[in-house]
>>> print(open('run24.txt').read())   # compact mmCIF, C-alpha atoms
# COMPACT_ATOMS: atom_id res chain seq x y z
CA GLY O 1 -2.23 -31.15 -30.86
CA TRP O 2 -3.91 -31.58 -27.47
CA THR O 3 -5.55 -34.90 -26.54
CA ILE O 4 -9.17 -34.66 -25.42
CA VAL O 5 -10.75 -37.71 -23.75
CA LEU O 6 -14.35 -38.91 -23.67
CA ASP O 7 -14.79 -41.31 -20.76
CA ASN O 8 -17.36 -43.05 -18.61
CA ASP O 9 -15.53 -41.69 -15.56
CA THR O 10 -12.51 -39.52 -14.78
CA ASN O 11 -10.02 -42.38 -14.53
CA PRO O 12 -8.32 -43.13 -17.86
CA ASP O 13 -6.99 -46.40 -16.41
CA ASN O 14 -10.51 -47.80 -16.46
CA GLY O 15 -10.67 -47.48 -20.21
CA VAL O 16 -11.98 -44.62 -22.29
CA ILE O 17 -14.71 -44.35 -24.87
CA ALA O 18 -12.74 -42.27 -27.34
CA THR O 19 -9.92 -39.75 -27.70
CA THR O 20 -9.32 -37.03 -30.25
CA THR O 21 -6.70 -34.39 -30.98
CA THR O 22 -7.44 -30.69 -31.24
CA ALA O 23 -7.34 -29.46 -34.82
CA PRO O 24 -4.52 -27.41 -36.39
CA GLY O 25 -7.09 -25.14 -38.01
CA GLY O 26 -8.24 -24.84 -41.57
CA THR O 27 -9.70 -28.35 -41.71
CA ASP O 28 -13.26 -29.65 -41.59
CA VAL O 29 -13.02 -31.94 -38.57
CA ASN O 30 -16.72 -32.70 -38.10
CA GLY O 31 -17.68 -32.85 -41.78
CA ASP O 32 -20.15 -29.97 -41.68
CA GLY O 33 -18.59 -28.26 -44.69
CA VAL O 34 -16.94 -25.52 -42.61
CA ASN O 35 -13.25 -25.34 -41.84
CA ASP O 36 -12.77 -25.45 -38.08
CA PRO O 37 -10.53 -23.10 -36.04
CA ILE O 38 -7.28 -24.01 -34.36
CA GLY O 39 -7.93 -26.03 -31.22
CA PHE O 40 -11.34 -27.36 -32.30
CA TYR O 41 -12.26 -30.89 -31.17
CA TRP O 42 -15.29 -33.07 -31.87
CA PHE O 43 -16.61 -36.49 -30.91
CA SER O 44 -19.27 -38.51 -32.67
CA VAL O 45 -19.93 -41.75 -30.81
CA THR O 46 -22.64 -44.30 -30.29
CA PRO O 47 -24.06 -43.99 -26.78
CA ASP O 48 -22.76 -46.56 -24.33
CA ALA O 49 -25.34 -49.35 -24.04
CA ASN O 50 -24.34 -49.85 -20.42
CA LYS O 51 -25.46 -46.32 -19.51
CA SER O 52 -29.01 -45.95 -18.27
CA THR O 53 -30.94 -43.18 -19.99
CA THR O 54 -33.33 -43.12 -17.08
CA SER O 55 -30.67 -42.38 -14.47
CA ASN O 56 -28.87 -39.84 -16.65
CA ASP O 57 -25.45 -41.41 -16.11
CA PRO O 58 -22.96 -38.77 -17.26
CA TYR O 59 -20.10 -38.95 -19.67
CA TYR O 60 -16.91 -37.11 -18.80
CA VAL O 61 -14.79 -34.99 -21.09
CA TYR O 62 -11.31 -33.96 -20.00
CA GLU O 63 -7.97 -33.09 -21.47
CA THR O 64 -4.60 -34.80 -21.16
CA SER O 65 -2.24 -32.38 -19.48
CA GLN O 66 1.03 -31.24 -21.04
CA THR O 67 4.24 -30.37 -19.25
CA GLY O 68 4.63 -26.66 -18.57
CA TRP O 69 0.95 -25.88 -19.08
CA THR O 70 -1.68 -25.12 -16.45
CA GLN O 71 -5.41 -25.61 -17.02
CA SER O 72 -7.28 -22.34 -16.58
CA TRP O 73 -10.80 -23.69 -17.15
CA PRO O 74 -12.74 -25.58 -16.25
CA VAL O 75 -11.02 -25.41 -12.89
CA ASN O 76 -13.24 -27.10 -10.31
CA PRO O 77 -13.74 -29.78 -11.42
CA ASN O 78 -11.25 -29.87 -14.28
CA ASN O 79 -13.63 -31.80 -16.52
CA TYR O 80 -17.13 -31.61 -17.98
CA GLN O 81 -19.94 -33.95 -16.94
CA ILE O 82 -22.28 -34.44 -19.86
CA THR O 83 -25.62 -36.22 -20.11
CA ILE O 84 -26.53 -37.35 -23.64
CA ASP O 85 -30.00 -38.68 -24.40
CA ALA O 86 -32.76 -38.29 -26.94
CA THR O 87 -33.68 -34.90 -25.54
CA ASN O 88 -30.09 -33.65 -25.44
CA PRO O 89 -28.27 -35.40 -28.27
CA THR O 90 -25.39 -32.92 -28.45
CA ALA O 91 -23.13 -31.02 -26.07
CA LYS O 92 -21.42 -27.85 -27.30
CA ASP O 93 -18.92 -25.31 -26.00
CA LYS O 94 -17.14 -27.71 -23.70
CA ASN O 95 -14.03 -25.58 -23.90
CA PHE O 96 -10.65 -25.93 -22.25
CA GLY O 97 -8.21 -23.14 -21.45
CA ASN O 98 -4.52 -23.49 -20.70
CA TRP O 99 -1.58 -21.21 -20.27
CA ASN O 100 2.08 -21.94 -20.60
CA ARG O 101 3.65 -21.18 -17.25
CA PRO O 102 7.28 -21.74 -16.35
CA ALA O 103 8.00 -23.98 -13.40
CA THR O 104 9.74 -21.16 -11.53
CA ILE O 105 9.93 -17.40 -11.83
CA ASP O 106 12.06 -14.56 -10.48
CA LEU O 107 10.75 -11.46 -8.71
CA SER O 108 12.71 -8.32 -7.83
CA GLY O 109 12.45 -4.66 -6.92
CA THR O 110 13.88 -1.90 -4.75
CA LYS O 111 12.83 -0.35 -1.48
CA TYR O 112 13.17 3.46 -1.34
CA ILE O 113 13.00 6.26 1.21
CA ASP O 114 10.53 8.72 -0.31
CA ILE O 115 12.20 11.95 0.77
CA ASN O 116 9.36 14.30 -0.15
CA GLY O 117 6.48 11.81 0.05
CA ASP O 118 5.43 12.22 -3.59
CA GLY O 119 5.20 8.50 -4.33
CA GLN O 120 8.04 8.80 -6.87
CA THR O 121 11.53 7.37 -6.47
CA THR O 122 13.67 9.53 -8.74
CA GLY O 123 16.68 10.68 -6.76
CA ASP O 124 15.50 8.92 -3.59
CA PRO O 125 17.91 6.64 -1.68
CA GLY O 126 17.36 2.94 -1.09
CA LEU O 127 16.37 1.58 2.30
CA GLY O 128 18.01 -1.56 3.65
CA GLY O 129 16.81 -4.01 6.27
CA VAL O 130 13.12 -4.05 5.29
CA THR O 131 11.23 -7.35 5.04
CA ILE O 132 9.56 -8.20 1.71
CA PHE O 133 7.32 -11.26 1.58
CA ILE O 134 4.91 -13.26 -0.57
CA ASP O 135 1.51 -13.27 1.08
CA VAL O 136 0.79 -16.98 0.60
CA ASP O 137 -2.23 -17.07 2.94
CA ASN O 138 -3.76 -13.84 1.55
CA SER O 139 -3.92 -12.33 5.05
CA GLY O 140 -2.27 -9.04 4.12
CA THR O 141 0.28 -9.51 6.92
CA LEU O 142 3.39 -11.61 7.41
CA ASN O 143 2.51 -14.96 9.01
CA THR O 144 4.27 -18.27 9.48
CA GLY O 145 2.45 -19.60 6.40
CA ASP O 146 4.20 -17.06 4.19
CA LEU O 147 7.14 -19.17 3.11
CA SER O 148 8.97 -16.63 0.99
CA THR O 149 10.56 -13.67 2.79
CA THR O 150 13.66 -11.62 2.11
CA THR O 151 15.34 -8.51 3.51
CA THR O 152 16.30 -5.53 1.39
CA ALA O 153 20.03 -4.98 0.88
CA ASN O 154 21.85 -1.80 1.85
CA ASP O 155 20.92 -0.25 -1.50
CA GLY O 156 17.28 -1.25 -1.01
CA SER O 157 17.29 -4.00 -3.63
CA TRP O 158 15.50 -7.30 -3.04
CA SER O 159 14.72 -10.42 -5.08
CA PHE O 160 13.16 -13.86 -4.99
CA ALA O 161 14.79 -16.39 -7.31
CA GLY O 162 13.18 -19.65 -8.39
CA VAL O 163 9.72 -18.88 -6.99
CA ASP O 164 7.13 -21.58 -7.63
CA ALA O 165 5.05 -20.24 -10.52
CA THR O 166 1.92 -21.74 -8.98
CA LEU O 167 2.00 -18.76 -6.60
CA ALA O 168 0.48 -16.72 -9.41
CA GLY O 169 -2.28 -14.53 -8.00
CA LYS O 170 -0.57 -14.10 -4.64
CA LYS O 171 0.80 -10.69 -3.67
CA VAL O 172 4.25 -9.39 -2.83
CA LEU O 173 4.05 -7.08 0.19
CA GLU O 174 6.40 -5.34 2.59
CA VAL O 175 6.47 -5.13 6.36
CA VAL O 176 6.24 -1.36 6.83
CA PRO O 177 8.96 -0.27 9.28
CA SER O 178 7.77 1.33 12.49
CA GLY O 179 7.45 5.09 12.17
CA TYR O 180 7.03 5.00 8.39
CA ILE O 181 4.08 5.20 6.01
CA GLN O 182 3.88 3.75 2.51
CA THR O 183 3.85 6.05 -0.52
CA LEU O 184 4.48 3.43 -3.24
CA GLY O 185 3.40 -0.19 -3.41
CA ASN O 186 0.62 0.22 -0.85
CA ALA O 187 -1.57 -2.42 -2.52
CA GLY O 188 1.33 -4.80 -3.08
CA TYR O 189 2.10 -6.45 -6.41
CA THR O 190 0.16 -9.41 -7.81
CA ILE O 191 2.32 -12.25 -9.09
CA THR O 192 1.46 -12.91 -12.73
CA GLY O 193 3.13 -16.29 -13.07
CA THR O 194 6.03 -14.92 -15.11
CA SER O 195 9.21 -13.20 -13.95
CA GLN O 196 8.67 -9.60 -12.80
CA THR O 197 11.03 -6.70 -12.06
CA ASN O 198 10.66 -3.16 -10.67
CA LEU O 199 8.24 -4.23 -7.95
CA ASN O 200 9.27 -1.16 -5.97
CA PHE O 201 8.17 0.06 -2.57
CA ALA O 202 8.70 3.50 -1.02
CA ASN O 203 8.18 4.78 2.50
CA PHE O 204 8.12 8.19 4.14
CA LYS O 205 9.51 8.41 7.68
CA LEU O 206 7.26 10.41 9.97
CA PHE O 207 8.92 13.35 11.72
CA SER O 208 8.48 15.59 14.76
CA ILE O 209 8.88 19.28 15.51
CA SER O 210 9.55 20.83 18.91
CA GLY O 211 10.68 23.92 20.77
CA THR O 212 10.37 25.98 23.96
CA LYS O 213 8.40 29.06 24.89
CA TYR O 214 10.30 31.78 26.85
CA ASN O 215 9.53 34.96 28.77
CA ASP O 216 12.05 37.42 27.28
CA ILE O 217 12.88 39.46 30.38
CA ASN O 218 14.89 42.20 28.67
CA GLY O 219 13.24 41.97 25.25
CA ASP O 220 16.52 41.30 23.42
CA GLY O 221 15.16 38.39 21.37
CA GLN O 222 17.59 36.04 23.12
CA THR O 223 16.64 33.32 25.57
CA THR O 224 19.81 32.85 27.62
CA GLY O 225 18.88 33.01 31.29
CA ASP O 226 15.22 33.76 30.55
CA PRO O 227 12.45 31.84 32.34
CA VAL O 228 10.07 29.60 30.41
CA LEU O 229 6.43 30.30 29.87
CA ALA O 230 3.75 27.59 30.27
CA GLY O 231 0.17 27.52 29.03
CA VAL O 232 0.74 29.13 25.65
CA THR O 233 -0.91 27.70 22.53
CA ILE O 234 1.38 26.60 19.68
CA PHE O 235 -0.26 25.54 16.41
CA ILE O 236 0.46 24.38 12.87
CA ASP O 237 -1.15 26.80 10.45
CA ALA O 238 -2.55 24.07 8.16
CA ASP O 239 -4.85 26.41 6.23
CA GLY O 240 -2.35 29.24 5.81
CA SER O 241 -4.58 31.78 7.56
CA ASN O 242 -1.90 32.92 10.06
CA THR O 243 -4.46 32.46 12.85
CA LEU O 244 -5.62 29.44 14.80
CA THR O 245 -8.71 27.95 13.15
CA ASP O 246 -10.61 24.68 13.37
CA GLY O 247 -8.53 21.88 11.89
CA ASP O 248 -5.16 23.39 12.80
CA PRO O 249 -3.15 20.97 14.98
CA LYS O 250 -2.39 22.65 18.29
CA THR O 251 -0.71 22.02 21.62
CA ILE O 252 -0.07 23.86 24.91
CA THR O 253 3.37 24.59 26.30
CA ALA O 254 4.21 22.48 29.35
CA ASN O 255 5.36 23.74 32.74
CA ASP O 256 8.92 23.78 31.45
CA GLY O 257 7.81 25.73 28.38
CA THR O 258 8.38 22.85 25.98
CA TRP O 259 6.02 21.86 23.15
CA SER O 260 6.10 19.25 20.38
CA PHE O 261 4.18 17.59 17.54
CA SER O 262 5.05 14.01 16.52
CA ASN O 263 4.20 11.53 13.72
CA LEU O 264 3.81 14.25 11.12
CA ASP O 265 3.83 13.48 7.39
CA TYR O 266 4.64 15.14 4.08
CA ASN O 267 1.25 16.86 3.85
CA LEU O 268 2.51 19.52 6.28
CA ALA O 269 5.58 20.42 4.23
CA GLY O 270 5.79 24.19 3.81
CA LYS O 271 3.26 24.93 6.55
CA LYS O 272 4.20 27.22 9.43
CA VAL O 273 4.32 26.76 13.19
CA LEU O 274 2.95 29.79 15.02
CA GLU O 275 1.93 30.76 18.53
CA VAL O 276 -1.21 32.36 19.87
CA LEU O 277 0.28 35.50 21.34
CA PRO O 278 -0.76 35.96 24.97
CA SER O 279 -2.69 39.15 25.65
CA GLY O 280 -0.48 42.01 26.77
CA SER O 281 2.69 40.59 25.24
CA VAL O 282 4.77 41.19 22.12
CA GLN O 283 6.89 38.61 20.30
CA THR O 284 10.63 39.00 20.36
CA LEU O 285 11.52 35.57 18.91
CA GLY O 286 9.64 33.48 16.34
CA ALA O 287 7.47 36.37 15.16
CA ASN O 288 7.38 35.01 11.59
CA GLY O 289 6.76 31.44 12.69
CA TYR O 290 8.82 28.46 11.51
CA THR O 291 8.41 26.72 8.16
CA ILE O 292 8.08 22.93 8.34
CA ALA O 293 10.59 21.18 6.07
CA GLY O 294 8.30 18.16 5.76
CA THR O 295 10.92 15.73 4.43
CA SER O 296 11.28 12.10 5.43
CA GLY O 297 12.57 11.68 8.99
CA ASN O 298 13.59 15.34 9.22
CA ASP O 299 12.89 16.17 12.87
CA GLN O 300 13.05 19.89 13.64
CA SER O 301 13.87 21.10 17.14
CA GLY O 302 14.74 24.41 18.71
CA LEU O 303 11.72 26.15 17.19
CA ASN O 304 11.58 28.56 20.10
CA PHE O 305 9.28 31.47 20.79
CA ALA O 306 9.85 34.35 23.22
CA ASN O 307 7.57 37.12 24.42
CA PHE O 308 8.10 40.32 26.26
CA LYS O 309 5.26 41.30 28.57
CA LEU O 310 4.33 44.94 28.23
CA PHE O 311 4.50 47.05 31.38
CA SER O 312 3.22 50.42 32.62
CA ILE O 313 4.74 53.36 34.50
CA SER O 314 2.81 55.95 36.51
CA GLY O 315 3.22 58.80 39.03
CA THR O 316 1.70 62.10 40.27
CA LYS O 317 2.58 65.73 39.70
CA TYR O 318 2.51 68.01 42.79
CA ASN O 319 2.50 71.73 43.51
CA ASP O 320 5.25 72.01 46.16
CA ILE O 321 3.71 74.81 48.30
CA ASN O 322 6.72 75.46 50.51
CA GLY O 323 9.40 74.40 48.04
CA ASP O 324 10.82 71.79 50.40
CA GLY O 325 10.98 69.00 47.78
CA GLN O 326 8.49 67.01 49.77
CA THR O 327 4.93 66.30 48.71
CA THR O 328 3.23 65.72 52.03
CA GLY O 329 0.15 67.86 52.19
CA ASP O 330 0.94 69.41 48.80
>>> encode(input="run24.txt", output="structure tokens")
Amino acid sequence: GWTIVLDNDTNPDNGVIATTTTAPGGTDVNGDGVNDPIGFYWFSVTPDANKSTTSNDPYYVYETSQTGWTQSWPVNPNNYQITIDATNPTAKDKNFGNWNRPATIDLSGTKYIDINGDGQTTGDPGLGGVTIFIDVDNSGTLNTGDLSTTTTANDGSWSFAGVDATLAGKKVLEVVPSGYIQTLGNAGYTITGTSQTNLNFANFKLFSISGTKYNDINGDGQTTGDPVLAGVTIFIDADGSNTLTDGDPKTITANDGTWSFSNLDYNLAGKKVLEVLPSGSVQTLGANGYTIAGTSGNDQSGLNFANFKLFSISGTKYNDINGDGQTTGD
């Protein structure tokens, strides 16, 4: 039921050589004794006497468009240029492809906080105030040319209604909030040209851990009134060895005894924070280290360590010759 045109040019207003309609299937359109498939078309015409066989003036074959359909091939140009002469008396496989696309489509999804960073959303809360956009210029970032943007609602939901279906092939992306990393939807979602739902994004909020290193004066495991201790190595035991090894993140306590690690992600969940015990000291606080929770945005502070510096006592034993309780000369 589609009209195919054979023309001297690509302008139907200038007159056409012939038109035909694609077959319904099951009929012998070209008289070769074989029933042709659905969509088959065929022309048999006398060559135009005005066309020069020496200059190879082309014929043009194109289709008449139909409302709601988009031509998939040929795309550029959307026609076939054909030269017919004694050497090439036929032209085959001049095929057309179309797909039925609605004028507008709807797109929707939800933005989540990925609590444990597993890339799943079950049980995770929504995240409001995040920008979702259609990457019209294919830059991978939000630019002025990206006409379609929206902000996620308080429950994380977002939608685009009545999107031009010609945006098929473009991607839906998010503007990742500062301090977060993506765990779902990293590559975006390609618009198919039909309405789409569950185009979900999830982010994990980076976290920090911190504490203070103390000199436990009386060894009571408390830090009230105790001075701080600078220059001590604090590390994240990434490999679970309980000792500082290559690859373990580490830091040094500052002059005020404080230490911190920032911008940590879910990969460190369950790992421990330990100290490199200074020589000649024993731990009185933090001896077992501190386990990192590793959940989204869960900053941990007050992970304090305290040491007691070992001491010595010494003296001399005398033979008190005159029994005077003095040791001079004894």
>>> atom_distance(input="run24.txt", atom1="atom CA of O:Gln283", atom2="atom CA of O:Val228")
13.9 Å
>>> closest_residue(input="run24.txt", among="O:Thr90, O:Thr70, O:Thr284, O:Thr183", to="O:Lys309", atoms="all atoms listed in the file")
O:Thr284
>>> closest_residue(input="run24.txt", among="O:Thr328, O:Thr224, O:Ser314, O:Thr46", to="O:Ile17", atoms="only C-alpha atoms")
O:Thr46
>>> residues_around(input="run24.txt", residues="O:Ser178", least_positions_apart="2", cutoff="10 Å", atoms="all atoms listed in the file", output="list in words")
Val175, Val176, Tyr180, Ile181, Lys205 and Leu206 of chain O
>>> atom_distance(input="run24.txt", atom1="atom CA of O:Asn203", atom2="atom CA of O:Lys271")
21.1 Å
>>> residues_around(input="run24.txt", residues="stretch 193-200 of chain O", least_positions_apart="4", cutoff="8 Å", atoms="all atoms listed in the file", output="PyMOL selection string")
chain O and resi 101-102+105-112+165-169+184-185+189
>>> write_last_selection(input="run24.txt", atoms="C-alpha atoms", output="short mmCIF file (atom, residue, chain, number, x, y, z; two decimals), in the frame of the given file")
data_model
loop_
_atom_site.label_atom_id
_atom_site.label_comp_id
_atom_site.auth_asym_id
_atom_site.auth_seq_id
_atom_site.Cartn_x
_atom_site.Cartn_y
_atom_site.Cartn_z
CA ARG O 101 3.65 -21.18 -17.25
CA PRO O 102 7.28 -21.74 -16.35
CA ILE O 105 9.93 -17.40 -11.83
CA ASP O 106 12.06 -14.56 -10.48
CA LEU O 107 10.75 -11.46 -8.71
CA SER O 108 12.71 -8.32 -7.83
CA GLY O 109 12.45 -4.66 -6.92
CA THR O 110 13.88 -1.90 -4.75
CA LYS O 111 12.83 -0.35 -1.48
CA TYR O 112 13.17 3.46 -1.34
CA ALA O 165 5.05 -20.24 -10.52
CA THR O 166 1.92 -21.74 -8.98
CA LEU O 167 2.00 -18.76 -6.60
CA ALA O 168 0.48 -16.72 -9.41
CA GLY O 169 -2.28 -14.53 -8.00
CA LEU O 184 4.48 3.43 -3.24
CA GLY O 185 3.40 -0.19 -3.41
CA TYR O 189 2.10 -6.45 -6.41
#
>>> residues_around(input="run24.txt", residues="O:Asp265", least_positions_apart="4", cutoff="9 Å", atoms="only C-alpha atoms", output="PDB file with C-alpha atoms, in the frame of the given file")
ATOM      1  CA  GLY O 117       6.480  11.810   0.050  1.00  0.00           C
ATOM      2  CA  ILE O 181       4.080   5.200   6.010  1.00  0.00           C
ATOM      3  CA  PHE O 204       8.120   8.190   4.140  1.00  0.00           C
ATOM      4  CA  LYS O 205       9.510   8.410   7.680  1.00  0.00           C
ATOM      5  CA  LEU O 206       7.260  10.410   9.970  1.00  0.00           C
ATOM      6  CA  PHE O 207       8.920  13.350  11.720  1.00  0.00           C
ATOM      7  CA  SER O 208       8.480  15.590  14.760  1.00  0.00           C
ATOM      8  CA  ALA O 269       5.580  20.420   4.230  1.00  0.00           C
ATOM      9  CA  GLY O 294       8.300  18.160   5.760  1.00  0.00           C
ATOM     10  CA  THR O 295      10.920  15.730   4.430  1.00  0.00           C
ATOM     11  CA  SER O 296      11.280  12.100   5.430  1.00  0.00           C
TER      12      SER O 296
END
>>> atom_distance(input="run24.txt", atom1="atom CA of O:Trp73", atom2="atom CA of O:Ile191")
19.2 Å
>>> closest_residue(input="run24.txt", among="O:Gly211, O:Gly26, O:Gly286, O:Gly140", to="O:Gln300", atoms="only C-alpha atoms")
O:Gly211
>>> closest_residue(input="run24.txt", among="O:Asn255, O:Asp246, O:Ile236, O:Phe305", to="O:Lys272", atoms="only C-alpha atoms")
O:Ile236
>>> axis_aligned_box(input="run24.txt", around="stretch 214-223 of chain O", padding_each_side="3 Å", output="lines of an AutoDock Vina configuration file")
center_x = 13.6
center_y = 37.0
center_z = 25.9
size_x = 14.1
size_y = 16.4
size_z = 15.0
